[in-house]
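Undergrad: What follows is data_22.pdb; its format and atoms are PDB, C-alpha atoms and all ligand atoms.
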```
MODEL        1
ATOM      1  CA  MET A   1     109.285  72.097 120.187  1.00  0.00           C
ATOM      2  CA  ARG A   2     107.308  73.092 117.124  1.00  0.00           C
ATOM      3  CA  TRP A   3     108.639  70.905 114.360  1.00  0.00           C
ATOM      4  CA  GLY A   4     105.098  69.804 113.544  1.00  0.00           C
ATOM      5  CA  GLY A   5     105.441  70.640 109.866  1.00  0.00           C
ATOM      6  CA  ALA A   6     104.484  73.545 107.675  1.00  0.00           C
ATOM      7  CA  LEU A   7     101.291  72.012 106.366  1.00  0.00           C
ATOM      8  CA  ALA A   8      99.842  71.469 109.820  1.00  0.00           C
ATOM      9  CA  VAL A   9     100.715  75.025 110.762  1.00  0.00           C
ATOM     10  CA  ALA A  10      99.296  76.454 107.564  1.00  0.00           C
ATOM     11  CA  ALA A  11      96.002  74.686 108.127  1.00  0.00           C
ATOM     12  CA  VAL A  12      95.332  76.702 111.255  1.00  0.00           C
ATOM     13  CA  ALA A  13      97.071  79.800 109.989  1.00  0.00           C
ATOM     14  CA  GLY A  14      94.053  82.032 110.372  1.00  0.00           C
ATOM     15  CA  ILE A  15      93.988  81.377 114.083  1.00  0.00           C
ATOM     16  CA  VAL A  16      97.720  81.493 114.647  1.00  0.00           C
ATOM     17  CA  ALA A  17      98.322  84.568 112.575  1.00  0.00           C
ATOM     18  CA  THR A  18      96.035  86.973 114.340  1.00  0.00           C
ATOM     19  CA  SER A  19      97.682  86.608 117.706  1.00  0.00           C
ATOM     20  CA  ALA A  20     101.256  85.992 116.597  1.00  0.00           C
ATOM     21  CA  TYR A  21     104.097  87.961 118.047  1.00  0.00           C
ATOM     22  CA  ALA A  22     107.829  87.907 118.457  1.00  0.00           C
ATOM     23  CA  SER A  23     109.764  88.120 121.674  1.00  0.00           C
ATOM     24  CA  ALA A  24     113.179  88.841 123.064  1.00  0.00           C
ATOM     25  CA  ARG A  25     114.936  86.489 125.500  1.00  0.00           C
ATOM     26  CA  PRO A  26     118.493  85.699 126.655  1.00  0.00           C
ATOM     27  CA  VAL A  27     120.980  83.619 124.636  1.00  0.00           C
ATOM     28  CA  THR A  28     120.838  79.872 125.309  1.00  0.00           C
ATOM     29  CA  ALA A  29     123.113  76.903 124.638  1.00  0.00           C
ATOM     30  CA  HIS A  30     120.480  75.623 122.228  1.00  0.00           C
ATOM     31  CA  ASP A  31     120.936  78.759 120.125  1.00  0.00           C
ATOM     32  CA  ARG A  32     124.629  77.995 119.826  1.00  0.00           C
ATOM     33  CA  ALA A  33     123.845  74.520 118.548  1.00  0.00           C
ATOM     34  CA  LEU A  34     121.476  75.950 115.921  1.00  0.00           C
ATOM     35  CA  LEU A  35     124.013  78.558 114.857  1.00  0.00           C
ATOM     36  CA  ALA A  36     126.756  75.936 114.596  1.00  0.00           C
ATOM     37  CA  ARG A  37     125.096  74.266 111.619  1.00  0.00           C
ATOM     38  CA  PRO A  38     125.312  75.885 108.182  1.00  0.00           C
ATOM     39  CA  ALA A  39     122.381  78.037 107.090  1.00  0.00           C
ATOM     40  CA  THR A  40     119.927  76.420 104.708  1.00  0.00           C
ATOM     41  CA  ALA A  41     119.071  78.125 101.431  1.00  0.00           C
ATOM     42  CA  GLU A  42     115.913  79.536 103.022  1.00  0.00           C
ATOM     43  CA  GLU A  43     117.824  80.876 105.994  1.00  0.00           C
ATOM     44  CA  ARG A  44     120.381  82.511 103.720  1.00  0.00           C
ATOM     45  CA  ILE A  45     117.537  84.360 101.992  1.00  0.00           C
ATOM     46  CA  ALA A  46     116.396  85.774 105.332  1.00  0.00           C
ATOM     47  CA  GLU A  47     119.976  86.606 106.326  1.00  0.00           C
ATOM     48  CA  GLY A  48     120.525  88.594 103.143  1.00  0.00           C
ATOM     49  CA  VAL A  49     117.398  90.663 103.727  1.00  0.00           C
ATOM     50  CA  ALA A  50     118.227  91.268 107.399  1.00  0.00           C
ATOM     51  CA  GLU A  51     121.756  92.365 106.491  1.00  0.00           C
ATOM     52  CA  ARG A  52     120.399  94.936 104.034  1.00  0.00           C
ATOM     53  CA  LEU A  53     117.768  96.153 106.478  1.00  0.00           C
ATOM     54  CA  THR A  54     120.160  96.524 109.421  1.00  0.00           C
ATOM     55  CA  GLY A  55     123.323  97.511 107.553  1.00  0.00           C
ATOM     56  CA  HIS A  56     125.105  94.871 109.603  1.00  0.00           C
ATOM     57  CA  PRO A  57     127.596  92.864 107.517  1.00  0.00           C
ATOM     58  CA  SER A  58     126.942  89.410 108.925  1.00  0.00           C
ATOM     59  CA  VAL A  59     123.551  88.414 110.291  1.00  0.00           C
ATOM     60  CA  SER A  60     122.640  84.801 111.103  1.00  0.00           C
ATOM     61  CA  VAL A  61     119.091  83.484 110.885  1.00  0.00           C
ATOM     62  CA  ARG A  62     118.015  79.985 111.776  1.00  0.00           C
ATOM     63  CA  CYS A  63     114.567  78.412 111.559  1.00  0.00           C
ATOM     64  CA  GLY A  64     114.049  75.790 114.232  1.00  0.00           C
ATOM     65  CA  SER A  65     113.040  75.311 117.825  1.00  0.00           C
ATOM     66  CA  MET A  66     113.167  78.717 119.486  1.00  0.00           C
ATOM     67  CA  GLY A  67     112.993  77.657 123.108  1.00  0.00           C
ATOM     68  CA  VAL A  68     109.745  79.479 123.851  1.00  0.00           C
ATOM     69  CA  SER A  69     106.526  77.813 124.895  1.00  0.00           C
ATOM     70  CA  SER A  70     103.901  79.813 122.990  1.00  0.00           C
ATOM     71  CA  PRO A  71     103.038  78.473 119.529  1.00  0.00           C
ATOM     72  CA  ASN A  72     102.098  82.013 118.517  1.00  0.00           C
ATOM     73  CA  VAL A  73     105.683  83.238 118.699  1.00  0.00           C
ATOM     74  CA  LEU A  74     106.972  83.437 115.124  1.00  0.00           C
ATOM     75  CA  GLY A  75     110.446  84.792 115.815  1.00  0.00           C
ATOM     76  CA  VAL A  76     112.864  85.407 118.658  1.00  0.00           C
ATOM     77  CA  THR A  77     115.845  87.717 118.932  1.00  0.00           C
ATOM     78  CA  PRO A  78     118.036  86.859 121.932  1.00  0.00           C
ATOM     79  CA  MET A  79     119.108  90.024 123.709  1.00  0.00           C
ATOM     80  CA  LEU A  80     121.136  90.826 126.791  1.00  0.00           C
ATOM     81  CA  ASN A  81     121.076  94.221 128.492  1.00  0.00           C
ATOM     82  CA  GLY A  82     119.562  95.820 125.417  1.00  0.00           C
ATOM     83  CA  HIS A  83     122.114  94.331 123.018  1.00  0.00           C
ATOM     84  CA  ALA A  84     121.400  91.755 120.321  1.00  0.00           C
ATOM     85  CA  PHE A  85     123.961  89.393 118.843  1.00  0.00           C
ATOM     86  CA  ASP A  86     123.337  89.665 115.099  1.00  0.00           C
ATOM     87  CA  TYR A  87     121.197  86.554 114.957  1.00  0.00           C
ATOM     88  CA  PHE A  88     117.563  85.713 115.286  1.00  0.00           C
ATOM     89  CA  LEU A  89     115.473  82.561 115.187  1.00  0.00           C
ATOM     90  CA  MET A  90     112.191  81.874 113.450  1.00  0.00           C
ATOM     91  CA  ARG A  91     109.663  79.063 113.394  1.00  0.00           C
ATOM     92  CA  PRO A  92     110.347  76.550 110.600  1.00  0.00           C
ATOM     93  CA  ALA A  93     107.064  77.605 108.969  1.00  0.00           C
ATOM     94  CA  GLU A  94     108.370  81.159 108.516  1.00  0.00           C
ATOM     95  CA  CYS A  95     111.271  79.884 106.411  1.00  0.00           C
ATOM     96  CA  THR A  96     108.803  77.869 104.354  1.00  0.00           C
ATOM     97  CA  TYR A  97     106.635  80.921 103.691  1.00  0.00           C
ATOM     98  CA  LEU A  98     109.650  83.032 102.738  1.00  0.00           C
ATOM     99  CA  THR A  99     110.713  80.366 100.268  1.00  0.00           C
ATOM    100  CA  TRP A 100     107.267  80.140  98.713  1.00  0.00           C
ATOM    101  CA  PHE A 101     107.254  83.903  98.311  1.00  0.00           C
ATOM    102  CA  HIS A 102     110.789  84.086  96.922  1.00  0.00           C
ATOM    103  CA  ASP A 103     110.011  81.337  94.398  1.00  0.00           C
ATOM    104  CA  ALA A 104     107.020  83.162  92.869  1.00  0.00           C
ATOM    105  CA  PRO A 105     106.219  86.559  94.471  1.00  0.00           C
ATOM    106  CA  ALA A 106     103.364  87.492  92.138  1.00  0.00           C
ATOM    107  CA  ARG A 107     101.470  84.331  93.071  1.00  0.00           C
ATOM    108  CA  TRP A 108     100.856  85.781  96.541  1.00  0.00           C
ATOM    109  CA  ASP A 109      99.809  89.263  95.484  1.00  0.00           C
ATOM    110  CA  PRO A 110      96.761  90.010  97.674  1.00  0.00           C
ATOM    111  CA  ARG A 111      95.179  91.992  94.831  1.00  0.00           C
ATOM    112  CA  THR A 112      95.234  89.172  92.298  1.00  0.00           C
ATOM    113  CA  CYS A 113      95.810  85.832  94.032  1.00  0.00           C
ATOM    114  CA  VAL A 114      93.476  82.893  93.409  1.00  0.00           C
ATOM    115  CA  PRO A 115      91.554  81.706  96.499  1.00  0.00           C
ATOM    116  CA  ALA A 116      93.700  78.578  96.966  1.00  0.00           C
ATOM    117  CA  ASP A 117      96.780  80.813  97.246  1.00  0.00           C
ATOM    118  CA  CYS A 118      95.138  83.803  98.951  1.00  0.00           C
ATOM    119  CA  ARG A 119      94.558  81.740 102.064  1.00  0.00           C
ATOM    120  CA  TYR A 120      98.318  81.832 102.652  1.00  0.00           C
ATOM    121  CA  THR A 121      98.844  85.517 101.956  1.00  0.00           C
ATOM    122  CA  VAL A 122      98.365  86.530 105.587  1.00  0.00           C
ATOM    123  CA  ASP A 123     100.875  83.912 106.725  1.00  0.00           C
ATOM    124  CA  ILE A 124     103.375  85.045 104.136  1.00  0.00           C
ATOM    125  CA  THR A 125     102.889  88.651 105.196  1.00  0.00           C
ATOM    126  CA  TRP A 126     103.547  87.575 108.781  1.00  0.00           C
ATOM    127  CA  ALA A 127     106.803  85.927 107.668  1.00  0.00           C
ATOM    128  CA  LEU A 128     107.889  89.134 105.921  1.00  0.00           C
ATOM    129  CA  GLN A 129     106.965  91.122 109.027  1.00  0.00           C
ATOM    130  CA  THR A 130     108.872  88.688 111.261  1.00  0.00           C
ATOM    131  CA  VAL A 131     112.103  89.253 109.325  1.00  0.00           C
ATOM    132  CA  ALA A 132     111.574  93.015 109.519  1.00  0.00           C
ATOM    133  CA  HIS A 133     110.578  92.973 113.201  1.00  0.00           C
ATOM    134  CA  GLU A 134     113.543  90.877 114.318  1.00  0.00           C
ATOM    135  CA  SER A 135     115.884  93.034 112.246  1.00  0.00           C
ATOM    136  CA  TYR A 136     114.900  96.070 114.329  1.00  0.00           C
ATOM    137  CA  HIS A 137     115.712  94.106 117.470  1.00  0.00           C
ATOM    138  CA  LEU A 138     119.157  93.499 115.954  1.00  0.00           C
ATOM    139  CA  LEU A 139     119.520  97.270 115.760  1.00  0.00           C
ATOM    140  CA  GLY A 140     119.005  97.391 119.534  1.00  0.00           C
ATOM    141  CA  TYR A 141     115.356  98.417 119.773  1.00  0.00           C
ATOM    142  CA  THR A 142     113.536  96.686 122.623  1.00  0.00           C
ATOM    143  CA  ASN A 143     110.157  98.450 122.808  1.00  0.00           C
ATOM    144  CA  GLU A 144     107.894  95.899 121.081  1.00  0.00           C
ATOM    145  CA  ALA A 145     105.340  98.473 119.936  1.00  0.00           C
ATOM    146  CA  GLN A 146     108.094 100.561 118.358  1.00  0.00           C
ATOM    147  CA  VAL A 147     109.795  97.498 116.833  1.00  0.00           C
ATOM    148  CA  ASP A 148     106.563  96.163 115.386  1.00  0.00           C
ATOM    149  CA  CYS A 149     105.645  99.544 113.933  1.00  0.00           C
ATOM    150  CA  TYR A 150     109.060  99.934 112.312  1.00  0.00           C
ATOM    151  CA  GLY A 151     108.767  96.362 111.067  1.00  0.00           C
ATOM    152  CA  MET A 152     105.386  97.041 109.481  1.00  0.00           C
ATOM    153  CA  GLN A 153     106.879 100.026 107.671  1.00  0.00           C
ATOM    154  CA  SER A 154     109.614  97.731 106.306  1.00  0.00           C
ATOM    155  CA  ILE A 155     107.409  94.899 104.992  1.00  0.00           C
ATOM    156  CA  TRP A 156     107.572  96.477 101.539  1.00  0.00           C
ATOM    157  CA  PHE A 157     111.378  96.442 101.677  1.00  0.00           C
ATOM    158  CA  VAL A 158     111.553  92.775 102.661  1.00  0.00           C
ATOM    159  CA  ALA A 159     109.050  91.905  99.924  1.00  0.00           C
ATOM    160  CA  THR A 160     110.984  93.754  97.225  1.00  0.00           C
ATOM    161  CA  ARG A 161     114.254  92.130  98.316  1.00  0.00           C
ATOM    162  CA  LEU A 162     112.540  88.785  97.829  1.00  0.00           C
ATOM    163  CA  GLY A 163     111.525  89.740  94.305  1.00  0.00           C
ATOM    164  CA  ALA A 164     108.112  91.430  94.583  1.00  0.00           C
ATOM    165  CA  SER A 165     107.218  94.459  92.502  1.00  0.00           C
ATOM    166  CA  LEU A 166     106.883  97.696  94.453  1.00  0.00           C
ATOM    167  CA  PRO A 167     103.062  97.830  94.015  1.00  0.00           C
ATOM    168  CA  GLU A 168     102.728  94.268  95.323  1.00  0.00           C
ATOM    169  CA  ALA A 169     105.111  94.964  98.208  1.00  0.00           C
ATOM    170  CA  GLN A 170     103.025  97.994  99.160  1.00  0.00           C
ATOM    171  CA  ALA A 171      99.816  95.938  98.914  1.00  0.00           C
ATOM    172  CA  LEU A 172     101.259  93.389 101.356  1.00  0.00           C
ATOM    173  CA  ALA A 173     102.220  96.160 103.776  1.00  0.00           C
ATOM    174  CA  GLN A 174      98.704  97.588 103.449  1.00  0.00           C
ATOM    175  CA  LEU A 175      97.261  94.172 104.218  1.00  0.00           C
ATOM    176  CA  PHE A 176      99.218  94.041 107.461  1.00  0.00           C
ATOM    177  CA  ALA A 177      98.325  97.617 108.390  1.00  0.00           C
ATOM    178  CA  GLN A 178      94.621  97.255 107.702  1.00  0.00           C
ATOM    179  CA  ARG A 179      93.795  93.657 108.615  1.00  0.00           C
ATOM    180  CA  ILE A 180      96.397  92.575 111.165  1.00  0.00           C
ATOM    181  CA  TYR A 181      97.692  95.616 112.992  1.00  0.00           C
ATOM    182  CA  PRO A 182      94.302  96.680 114.450  1.00  0.00           C
ATOM    183  CA  LEU A 183      93.954  93.218 116.051  1.00  0.00           C
ATOM    184  CA  ARG A 184      97.171  93.786 117.968  1.00  0.00           C
ATOM    185  CA  ARG A 185      95.475  96.437 120.086  1.00  0.00           C
ATOM    186  CA  ILE A 186      93.290  93.730 121.633  1.00  0.00           C
ATOM    187  CA  GLU A 187      95.305  90.533 121.288  1.00  0.00           C
ATOM    188  CA  THR A 188      98.892  91.657 121.897  1.00  0.00           C
ATOM    189  CA  PRO A 189      98.631  95.241 123.205  1.00  0.00           C
ATOM    190  CA  ALA A 190     102.361  95.449 124.016  1.00  0.00           C
ATOM    191  CA  TYR A 191     102.880  95.337 120.237  1.00  0.00           C
ATOM    192  CA  TRP A 192     100.432  98.110 119.446  1.00  0.00           C
ATOM    193  CA  SER A 193     100.743 101.867 119.772  1.00  0.00           C
ATOM    194  CA  PRO A 194      98.501 104.800 118.855  1.00  0.00           C
ATOM    195  CA  GLU A 195     101.727 106.431 117.626  1.00  0.00           C
ATOM    196  CA  CYS A 196     102.006 103.810 114.881  1.00  0.00           C
ATOM    197  CA  ARG A 197     100.276 105.850 112.177  1.00  0.00           C
ATOM    198  CA  ASN A 198     101.064 108.276 109.426  1.00  0.00           C
ATOM    199  CA  GLY A 199     102.582 111.288 111.168  1.00  0.00           C
ATOM    200  CA  GLY A 200     102.770 109.500 114.541  1.00  0.00           C
ATOM    201  CA  ALA A 201     105.882 109.289 116.722  1.00  0.00           C
ATOM    202  CA  TYR A 202     106.843 105.965 115.130  1.00  0.00           C
ATOM    203  CA  ASP A 203     106.451 107.128 111.538  1.00  0.00           C
ATOM    204  CA  LEU A 204     109.850 106.373 109.962  1.00  0.00           C
ATOM    205  CA  ARG A 205     109.120 108.755 107.066  1.00  0.00           C
ATOM    206  CA  PRO A 206     107.309 111.720 108.622  1.00  0.00           C
ATOM    207  CA  GLY A 207     107.829 113.773 105.480  1.00  0.00           C
ATOM    208  CA  SER A 208     105.844 111.286 103.407  1.00  0.00           C
ATOM    209  CA  SER A 209     102.080 110.943 103.444  1.00  0.00           C
ATOM    210  CA  ALA A 210     102.332 107.321 102.262  1.00  0.00           C
ATOM    211  CA  TRP A 211     101.590 104.701 104.927  1.00  0.00           C
ATOM    212  CA  PRO A 212     102.872 102.242 105.916  1.00  0.00           C
ATOM    213  CA  SER A 213     105.392 102.172 103.053  1.00  0.00           C
TER     214      SER A 213
HETATM  215 ZN    ZN A 301     109.944  91.715 119.264  1.00  0.00          ZN
ENDMDL
END
```
What does the file become when written as structure tokens?
TA:
Amino acid sequence: MRWGGALAVAAVAGIVATSAYASARPVTAHDRALLARPATAEERIAEGVAERLTGHPSVSVRCGSMGVSSPNVLGVTPMLNGHAFDYFLMRPAECTYLTWFHDAPARWDPRTCVPADCRYTVDITWALQTVAHESYHLLGYTNEAQVDCYGMQSIWFVATRLGASLPEAQALAQLFAQRIYPLRRIETPAYWSPECRNGGAYDLRPGSSAWPS
């Protein structure tokens, strides 16, 4: 259980964030209980973004206990035999970060934020990436390196759906690509690939020289 509260999580965000990852696991009875309650306003925000990103008409997102033991897991998409079920779960803190961002996107712009806010920019970027990452699992992708690379290339989309300007959205994607993604090679190598680069096998827009958005 990780209901310890957003403030406690945020305080150690620098440690948590660098080794965070998302995982796939089977459906559980606990998931059904979470899905049975109505989505909160924060969860509906994430659902709307995931629906646009996947093209699926009805995606459910719940923030709560995910049934995994590692505190570094930010999101989980239950899958069975390579199929997802149009829902994913996130840590409660991820919903909090999405709400902060949605309420005032420009406040978290990594190019202009004040130090007191900048300390949360990495966590907020992780929350944006978690929505994008889990959305690619909903599309049936199971290779974590591929999913994470596609997710990174969709951070800008999630950010703009939550109200960010395109330049800010691209700055957040750059932050992930430059400061977070290289750490994956060492800390969570299953989520890293040398093909995740401009012109690489996982480049979603091979005709564009822009990277990662
Ligand atoms: Zn994953």
Undergrad: Considering only C-alpha atoms and all ligand atoms, state which residue in the set A:Val147, A:Leu34, A:Ala93, A:Val27 is at the smallest distance from ligand ZN 301 (chain A).
TA: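 So, comparing all the options, the nearest one is A:Val147.
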Undergrad: 12 Å from ligand ZN 301 (chain A) is the threshold here; counting only C-alpha atoms and all ligand atoms, which polymer residues fall inside it? Answer as JSON, numbers by chain.
TA: {"A": [20, 21, 22, 23, 24, 25, 73, 74, 75, 76, 77, 78, 79, 84, 88, 89, 90, 129, 130, 131, 132, 133, 134, 135, 136, 137, 138, 139, 140, 141, 142, 143, 144, 145, 146, 147, 148, 149, 150, 151, 188, 190, 191, 192]}
Undergrad: Please compute the atom CA of Ile124 of chain A-atom CA of Pro38 of chain A distance, one decimal, in Å.
TA: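 Computing the Euclidean distance for atom CA of Ile124 of chain A and atom CA of Pro38 of chain A yields 24.1 Å.
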Undergrad: Residues picked by the PyMOL selection byres (((chain A and resi 167-174) around 9) and not hetatm) here, as a PyMOL selection string?
TA: chain A and resi 105-106+108-111+121-122+125+129+152-160+164-166+175-179+211-213
Undergrad: When you count all atoms listed in the file, which of these residues is closest to Gly67 of chain A: A:Arg52, A:Arg91, A:Arg161, A:Arg184?
TA: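 Distance minimum relative to Gly67 of chain A lands on A:Arg91.
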Undergrad: Please indicate the distance in Å from atom CA of Ala33 of chain A to atom CA of Gly48 of chain A, rounded to one decimal place.
TA: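 Atom CA of Gly48 of chain A lies 21.1 Å from atom CA of Ala33 of chain A.
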Undergrad: Around all the atoms of segment 83-101 of chain A listed in the file, with 3 Å of room on each side, what axis-aligned box do you get, giving centre and edge lengths in Å to one decimal, as JSON?
TA:
```
{"center_x": 115.3, "center_y": 85.4, "center_z": 110.7, "size_x": 23.3, "size_y": 23.8, "size_z": 30.7}
```
Undergrad: May I ask for the distance between atom CA of Gly199 of chain A and atom CA of Ala127 of chain A, given in Å to one decimal place?
TA: 25.9 Å
